[in-house]
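Trainee: One structure follows; several queries about it will come next.
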Amino acid sequence: MSTAVGTAEQAGAAHHDEHHDMGFIKKYVFSTDHKIIGIQFLFTGLLLFVLGGLLALGIRWQLAWPYDLPMGEMFPESMVNATENAAGETVYTMGGEFYTMMMTMHGSVMIFFVVIPLLTGAFGNFLIPLQIGARDMAFPILNMLSYWMVPPALVIMLIGFFVEGGHAAAGWTSYPTLSAISTAYSNVVPTPGSNWGQTCWCISLFILGFSSIMGSVNYITTIIKMRAPGMTMMRMPLSTWALFITAILVVFGTPVLASALFMLIMDRTLGGTFFLPRGGGQPLLWQHLFWFYSHPAVYIMILPGMGFVSDILSTHARKPVFGYKPMVYSMGAIAGLGFIVWGHHMFQSGMNPALGMTFMISTMMIALPSAIKTFNWLGTMWQSNMRLNPAMLNAISFVAMFVIGGLSGIFMASTPVDIYIHDTYFIVGHIHYVLFGGSMFAIFAAIYHWFPKMFGRNMNSGLGKIHTVLTFVFFNATFFPMHILGMAGHPRRIAFGWDKVNETGYEFLADVQGLNEFMTMAAFMLGAVQLIFALNLFWSLFAGKKVGNNPWGCNSLEWETTSPAPHGNFGPELPTVYRGPYEYASPLVDEDYLPQARKLEKA
Amino acid sequence: MHCTITKMLLGVLAPVFLLATEGRADGWGLPENISTFGGEIDHQFNLILVITTITFIVTMTVLVIALIRFRHKEGKKAQHVHGSHKLEIIWTLVPAAILLFLAFYQTKTWALVKMDTPDKSDSVVIQVFAKQFEWNFRYAGTDGIFDTEDDPCTIKELYVPVNKNVILEIRSLDVIHSLFLPHLRFKQDVIPGMRMSAWFQATKTTLQARSERGDEKFNYEIACTELCGIEHHTMKGTLSILAQGEFDTWLAKQSVEAAQFSRPEIWDDWERAGGELEIEPLEEHADH
Ligand code: HEM
Ligand SMILES: [Cu+2]
Ligand SMILES: [Cu+2]
């Protein structure tokens, strides 16, 4: 390994010299510096988190109070229904079209433009070279391109909102034939959104796929080839391990999604019939291809979070990670098993039930590595010396919420139980416990933890704690009742379950409609408390307390360099690694940490 | 901080205990079950609920105790351990055993519902045609044979006899739909171009349910659980479960009417399709 490092070092040093005469554009916009690219991904992701969040609030409003859309006059007339009530006032309602588009875009934006870019784009870029002691990524220009694939994808996705027929309306899973035809066979109701909106959706994700693949090729090469002297694979921090395994998932999975998207585009625009029975196509083929990518993709959305949380728990608990090797192996197991469980999304699809049985067994087994990781996190906290700062509180919330998300997965892994709960709110509950309770809490933790390294300043701890605790409370108030709705049989993706004013909808759901209202109020609070986070973030960027190289007393290499790290990351010489990243509370030194790069005199 | 977290966790847990009670008439929790296999599904659900609740309580107890006991103290050092072989083996093997047991224990119920389909000879076969946003049902009529003059058709209302196997042969004329009968724990997606066959046996008539619930207007409902377009939420229907005698009378009357009156519009649709379900690709209808 060390030979490869030599060349990279020279290249880095060369960069280092030019760095002062780089213009603003080259330095901050079309930058090839992995740290800047990471920060670009971070802000893009957070900005779109706002968009995704607003769409979510729209969805929630409709589910709670479907009979009244406030400010209805603000929306295009074709999107809302206006009626006159007894008092002669105009009352607006949203209707199925508006709702379905909003729901589709919420899911698509959150998954493809928020969680994946934040985890792999922002932190993958920022952390990998710093944690393995490299000067930059192996292919800096490819890295820059991987970011610059996002704006075109985003623009095309946003254009979808304004095209004729409105945006895609087939859910983030976009099952054909709904997503492949503009009008149903029966020709009664057109399928708007399945006009240009759906095509925009396909093209946008197709482009975004390139971003993921370029990023991942880079991560894999960088980690294999450019580790600092002494940095063996088994001395890498778990964040880097997680990002490495995630990158492998991306490289194997994304091309499958890309080909499925391309087939769908052909069906839509070139008269193809891959998914249309009329020409001998098979709609189930999409489900197989889509989930062959998207099941691994759900692990793409959680593995990096697992890595960050392992690092953060250990650092702030001032205690070595419990079971480093089991942590690595279980991530490997998740990645491996992740490719043979996709059928659990298709138990009720009409797939052969015998096949369903094998998918049930593999799905049950994939819960095992998650369980092992949870126990090891608890082991890390036991007999520790925990600092309950915002990063740590978010990491602990991650563990607690991931337990619920993992356990609810077992219900759905059971094929007979899934007959009842499939495509109900139980699934929506599960999704949000793993994706908000898991991934988002991990992202918050990571931001609080690595903010000082990114910007040289600390975030306000008091505001951070308030934000974390309130997010935890309102998160649970918003999403836990979804399991109860699911048990009552509330289908997902319907514009409303029960409209108590007009007395329409499903009568068997009338009793749980109150929960829908409760959840919406909690969701609005959840949205509101994110303002605390936004405030804290921007305020701290400019006025946060300045910090030194290593404010947390951390062991891994990113804390060896200045905050923020210079172009080329480390001084003229790369650090040498002498031990693993988790030597906290070591008896060899007086302090409660022992950095990877500190050489100890032999006793 | 730690007491806030304790309280929050208790708040999260409370509903779990509430829900473990079963058999309520709708309301919260699983709705009343009225199918022969539904009880087994509920049993599996409750078993998993118990196992997961115990796991949740144990892990969260450890977490909360750790939060209380191991808070930061200046000058204190944490224990310097890197793990424990013994513990790793325990917490790998025990969950592995539980999960494998669960997986194999489910197979019996799954096979009962999805694989042991009853024989057509002692069942009522009903054809279901799904299209945006309507469930259409066709019955074989009194002659017991499909595609004859006396096949009645109902829209949005499914009539079945109680205590008798019902086989639904489901097809879709346009997009994917999913037929969901919550009280029967029945769900089957329907893929255009494929014929899905699924069965159930109801154990209670609608009339019985009405008198038990003291609600003259009560009906079991049919839902669609696969996003099928912008009016997906309106793709509802009712399920009328009749005593065998009533069902026979109803069918006889409908068969006569079916032979007399013009056939519903949906018939033309599937006639036009020549029995083969086809989907128009984008271009053909782009002018719409
Ligand atoms: C403990 C391990 C897990 C198990 C056993 C599990 C099991 C399942 C099953 C069986 C389904 C399909 C349910 C249905 O549609 O009927 C599902 C859906 C889903 N899971 Fe998991 N899951 C686990 C962990 C995760 C994680 C870690 C994530 C993501 C971070 C995740 C994200 C999702 C999403 C997004 C869906 C819904 C997809 C959709 O239909 O829109 N799951 N899970
Ligand atoms: Cu999955
Ligand atoms: Cu539907």
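Please note that chains go A, B, ... in the order of the structure tokens, that every chain numbers its residues from 1, and that ligands are numbered from 1 in the order shown.
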Write out as a list in words which residues come within 10 Å of Val298 (chain A) when counting only C-alpha atoms, dropping same-chain ones fewer than 3 positions away.

Mentor: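 In the requested form, the answer reads Ile111, Ile116, Trp291, Tyr293, Ser294, His295, Met301, Ile302, Leu303, Gly338, Ile431, Val434, Leu435 and Ser439 of chain A.
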
Trainee: Using only C-alpha atoms and all ligand atoms, what are the residues with an atom within 7 Å of ligand 3, set out as number ranges by chain?

Mentor: B: 133, 177-178, 224-229, 232-233, 235

Trainee: Filtering to N, CA, C and O atoms, could you give me those residues as a compact mmCIF listing (two decimals), in the first residue's frame?

Mentor:
```txt
# COMPACT_ATOMS: atom_id res chain seq x y z
N PHE B 133 -61.12 2.98 -11.33
CA PHE B 133 -60.85 2.73 -9.94
C PHE B 133 -62.04 1.96 -9.41
O PHE B 133 -62.80 2.46 -8.62
N HIS B 177 -53.30 -3.38 -9.17
CA HIS B 177 -54.16 -3.07 -8.03
C HIS B 177 -53.89 -4.15 -6.99
O HIS B 177 -53.18 -5.10 -7.25
N SER B 178 -54.48 -3.97 -5.81
CA SER B 178 -54.33 -5.02 -4.82
C SER B 178 -55.63 -5.13 -4.04
O SER B 178 -56.11 -4.15 -3.47
N CYS B 224 -58.29 -1.02 -1.85
CA CYS B 224 -57.20 -1.26 -2.80
C CYS B 224 -55.91 -0.85 -2.11
O CYS B 224 -55.82 0.24 -1.57
N THR B 225 -54.92 -1.73 -2.09
CA THR B 225 -53.66 -1.40 -1.40
C THR B 225 -52.48 -1.34 -2.34
O THR B 225 -51.36 -1.57 -1.92
N GLU B 226 -52.72 -1.09 -3.60
CA GLU B 226 -51.57 -0.80 -4.45
C GLU B 226 -51.89 0.47 -5.21
O GLU B 226 -52.94 0.56 -5.86
N LEU B 227 -50.99 1.45 -5.11
CA LEU B 227 -51.22 2.72 -5.78
C LEU B 227 -51.56 2.49 -7.25
O LEU B 227 -50.77 1.93 -8.00
N CYS B 228 -52.78 2.93 -7.65
CA CYS B 228 -53.22 2.60 -9.01
C CYS B 228 -53.59 3.86 -9.78
O CYS B 228 -54.24 3.79 -10.80
N GLY B 229 -53.19 5.02 -9.26
CA GLY B 229 -53.51 6.26 -9.98
C GLY B 229 -54.04 7.30 -9.01
O GLY B 229 -54.08 7.08 -7.80
N HIS B 232 -56.83 6.52 -6.48
CA HIS B 232 -56.61 5.25 -5.78
C HIS B 232 -57.43 5.15 -4.50
O HIS B 232 -57.99 4.11 -4.18
N HIS B 233 -57.53 6.27 -3.77
CA HIS B 233 -58.23 6.22 -2.48
C HIS B 233 -59.73 5.99 -2.63
O HIS B 233 -60.42 5.72 -1.65
N MET B 235 -60.97 3.68 -4.62
CA MET B 235 -61.19 2.33 -5.16
C MET B 235 -61.66 1.40 -4.04
O MET B 235 -60.94 0.53 -3.58
```

Trainee: Set the cut-off to 8 Å, count only C-alpha atoms and all ligand atoms, and list whatever residues fall near ligand 1 as a PyMOL selection string.

Mentor: chain A and resi 172-173+295+297-303+344-348+360+363-368+370-371+402+405-414+418-419+421-424+427-428+430-432+434-435+438-439

Trainee: Do you know which residues are at most 10 Å from Pro151 (chain A) counting only C-alpha atoms, after dropping those on the same chain fewer than 5 positions away, and could you put them as a ChimeraX atom specification?

Mentor: /A:44,156-157,204,207-208

Trainee: Residues of the last selection are to be written out with N, CA, C and O atoms, as a PDB file, in the first residue's frame.

Mentor:
```pdb
ATOM      1  N   THR A  44     -26.413  20.991  -0.317  1.00  0.00           N
ATOM      2  CA  THR A  44     -27.450  20.607  -1.267  1.00  0.00           C
ATOM      3  C   THR A  44     -28.458  19.686  -0.582  1.00  0.00           C
ATOM      4  O   THR A  44     -29.671  19.867  -0.693  1.00  0.00           O
ATOM      5  N   ILE A 156     -33.832  18.708 -13.632  1.00  0.00           N
ATOM      6  CA  ILE A 156     -34.814  17.916 -14.380  1.00  0.00           C
ATOM      7  C   ILE A 156     -35.934  17.456 -13.449  1.00  0.00           C
ATOM      8  O   ILE A 156     -37.115  17.495 -13.804  1.00  0.00           O
ATOM      9  N   MET A 157     -35.557  17.066 -12.221  1.00  0.00           N
ATOM     10  CA  MET A 157     -36.592  16.659 -11.276  1.00  0.00           C
ATOM     11  C   MET A 157     -37.522  17.831 -10.963  1.00  0.00           C
ATOM     12  O   MET A 157     -38.733  17.678 -10.884  1.00  0.00           O
ATOM     13  N   SER A 204     -34.022  12.008 -14.427  1.00  0.00           N
ATOM     14  CA  SER A 204     -33.326  12.590 -13.288  1.00  0.00           C
ATOM     15  C   SER A 204     -32.608  11.511 -12.479  1.00  0.00           C
ATOM     16  O   SER A 204     -31.422  11.639 -12.160  1.00  0.00           O
ATOM     17  N   ILE A 207     -29.546  10.062 -14.248  1.00  0.00           N
ATOM     18  CA  ILE A 207     -28.343  10.908 -14.135  1.00  0.00           C
ATOM     19  C   ILE A 207     -27.752  10.807 -12.738  1.00  0.00           C
ATOM     20  O   ILE A 207     -26.547  10.673 -12.549  1.00  0.00           O
ATOM     21  N   LEU A 208     -28.636  10.832 -11.757  1.00  0.00           N
ATOM     22  CA  LEU A 208     -28.172  10.760 -10.372  1.00  0.00           C
ATOM     23  C   LEU A 208     -27.406   9.467 -10.121  1.00  0.00           C
ATOM     24  O   LEU A 208     -26.452   9.434  -9.339  1.00  0.00           O
TER      25      LEU A 208
END
```

Trainee: Taking the backbone alone, and naming residues the way the document does, which bits of region 425-523 of chain A are alpha helix (DSSP H) by DSSP, as number ranges by chain?

Mentor: A: 425-434, 441-455, 461-487, 513-523

Trainee: Extract, using only C-alpha atoms, all DNA, RNA and protein residues at most 8 Å from region 239-246 of chain A, discarding same-chain residues fewer than 6 positions from it, and format them as a ChimeraX atom specification.

Mentor: /A:120,124,127-128,131-132,219-220,223,299-300,303-308,310-311,328,331-332,335

Trainee: For C-alpha atoms, I'd like the residues from the last selection saved as an mmCIF file, in the first residue's frame.

Mentor:
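Output contents, as saved in result_26.cif:
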```cif
data_model
loop_
_atom_site.group_PDB
_atom_site.id
_atom_site.type_symbol
_atom_site.label_atom_id
_atom_site.label_comp_id
_atom_site.auth_asym_id
_atom_site.auth_seq_id
_atom_site.Cartn_x
_atom_site.Cartn_y
_atom_site.Cartn_z
ATOM 1 C CA THR A 120 -22.382 8.980 0.935
ATOM 2 C CA GLY A 124 -18.276 9.899 2.304
ATOM 3 C CA LEU A 127 -14.352 11.680 5.821
ATOM 4 C CA ILE A 128 -12.675 9.002 3.738
ATOM 5 C CA GLN A 131 -9.724 9.201 8.140
ATOM 6 C CA ILE A 132 -7.314 7.058 6.142
ATOM 7 C CA TYR A 219 -14.217 5.689 -2.546
ATOM 8 C CA ILE A 220 -13.301 2.083 -3.217
ATOM 9 C CA ILE A 223 -9.605 3.202 0.455
ATOM 10 C CA TYR A 299 -28.702 -0.444 3.412
ATOM 11 C CA ILE A 300 -26.865 2.228 1.460
ATOM 12 C CA LEU A 303 -24.716 1.476 6.802
ATOM 13 C CA PRO A 304 -22.895 4.839 6.741
ATOM 14 C CA GLY A 305 -25.086 5.956 9.627
ATOM 15 C CA MET A 306 -24.122 2.819 11.529
ATOM 16 C CA GLY A 307 -20.483 3.643 10.940
ATOM 17 C CA PHE A 308 -20.789 7.271 12.085
ATOM 18 C CA SER A 310 -20.068 3.679 16.092
ATOM 19 C CA ASP A 311 -17.371 6.338 15.899
ATOM 20 C CA VAL A 328 -17.027 -5.029 10.528
ATOM 21 C CA MET A 331 -21.666 -4.902 8.062
ATOM 22 C CA GLY A 332 -20.205 -7.306 5.518
ATOM 23 C CA ALA A 335 -24.145 -6.170 2.493
#
```

Trainee: I'd like the contact shell of region 170-172 of chain B - 9 Å cut-off, only C-alpha atoms, skipping same-chain residues fewer than 5 positions apart - returned as a ChimeraX atom specification.

Mentor: /B:126-131,177,179,188-198,277

Trainee: For region 46-53 of chain A, please output as a list in words all residues within 9 Å (counting only C-alpha atoms; exclusion window: fewer than 5 positions along the same chain).

Mentor: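 The residues satisfying every condition are Phe41, Gly58, Met105, His106, Gly107, Ser108, Val109, Met110, Phe113, Val114, Val115, Leu118 and Gly527 of chain A.
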
Trainee: Kindly indicate which residue among A:Phe252, A:Phe206, A:Tyr584, A:Trp286 lies nearest to chain B, using only C-alpha atoms for the distances.

Mentor: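 Going through A:Phe252, A:Phe206, A:Tyr584, A:Trp286 one by one, the smallest distance to chain B is for A:Tyr584.
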
Trainee: Between A:Gly456, A:Gly553, A:Pro296, A:Gly544, single out the one closest to ligand 2, counting only C-alpha atoms and all ligand atoms.

Mentor: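 Among A:Gly456, A:Gly553, A:Pro296, A:Gly544, it is A:Pro296 that comes nearest to ligand 2.
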
Trainee: Would you mind listing what lies within 7 Å of Val341 (chain A) as an mmCIF file with N, CA, C and O atoms, in the first residue's frame, with only C-alpha atoms counted and same-chain residues fewer than 4 positions away left out?

Mentor:
```cif
data_model
loop_
_atom_site.group_PDB
_atom_site.id
_atom_site.type_symbol
_atom_site.label_atom_id
_atom_site.label_comp_id
_atom_site.auth_asym_id
_atom_site.auth_seq_id
_atom_site.Cartn_x
_atom_site.Cartn_y
_atom_site.Cartn_z
ATOM 1 N N LEU A 337 -26.040 -10.336 2.495
ATOM 2 C CA LEU A 337 -27.429 -10.785 2.556
ATOM 3 C C LEU A 337 -28.343 -9.793 1.856
ATOM 4 O O LEU A 337 -29.388 -10.163 1.329
ATOM 5 N N PHE A 359 -37.284 -16.129 0.548
ATOM 6 C CA PHE A 359 -36.976 -14.724 0.839
ATOM 7 C C PHE A 359 -37.284 -14.397 2.296
ATOM 8 O O PHE A 359 -36.631 -13.552 2.895
ATOM 9 N N SER A 362 -34.181 -15.601 4.306
ATOM 10 C CA SER A 362 -33.016 -14.714 4.189
ATOM 11 C C SER A 362 -33.294 -13.379 4.876
ATOM 12 O O SER A 362 -32.393 -12.792 5.488
ATOM 13 N N THR A 363 -34.549 -12.910 4.818
ATOM 14 C CA THR A 363 -34.863 -11.625 5.452
ATOM 15 C C THR A 363 -34.769 -11.720 6.971
ATOM 16 O O THR A 363 -34.267 -10.819 7.633
#
```

Trainee: State, in Å with one decimal place, the distance from CA of Cys200 (chain A) to CA of Phe112 (chain A).

Mentor: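 Distance reported for this atom pair: 14.0 Å.
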
Trainee: Could you pull out the strand (DSSP E) residues of region 39-231 of chain B from DSSP and send them as a PyMOL selection string?

Mentor: chain B and resi 123-131+134-139+153-155+157-161+165-172+177-181+186-190+196-201+220-224

Trainee: Using only C-alpha atoms and all ligand atoms, pick whichever of A:Gln287, A:Asn394, A:Ser179, A:Asn143 has the shortest atom-to-atom distance to ligand 2.

Mentor: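 Ranking A:Gln287, A:Asn394, A:Ser179, A:Asn143 by distance to ligand 2, first place goes to A:Gln287.
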
Trainee: What's the separation between CA of Thr254 (chain A) and CA of Met357 (chain A), in Å to one decimal place?

Mentor: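 Between these atoms lies a distance of 26.4 Å.
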
Trainee: Please indicate the distance in Å from CA of Val469 (chain A) to CA of Pro551 (chain A), rounded to one decimal place.

Mentor: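 For CA of Val469 (chain A) relative to CA of Pro551 (chain A), the distance reads 23.0 Å.
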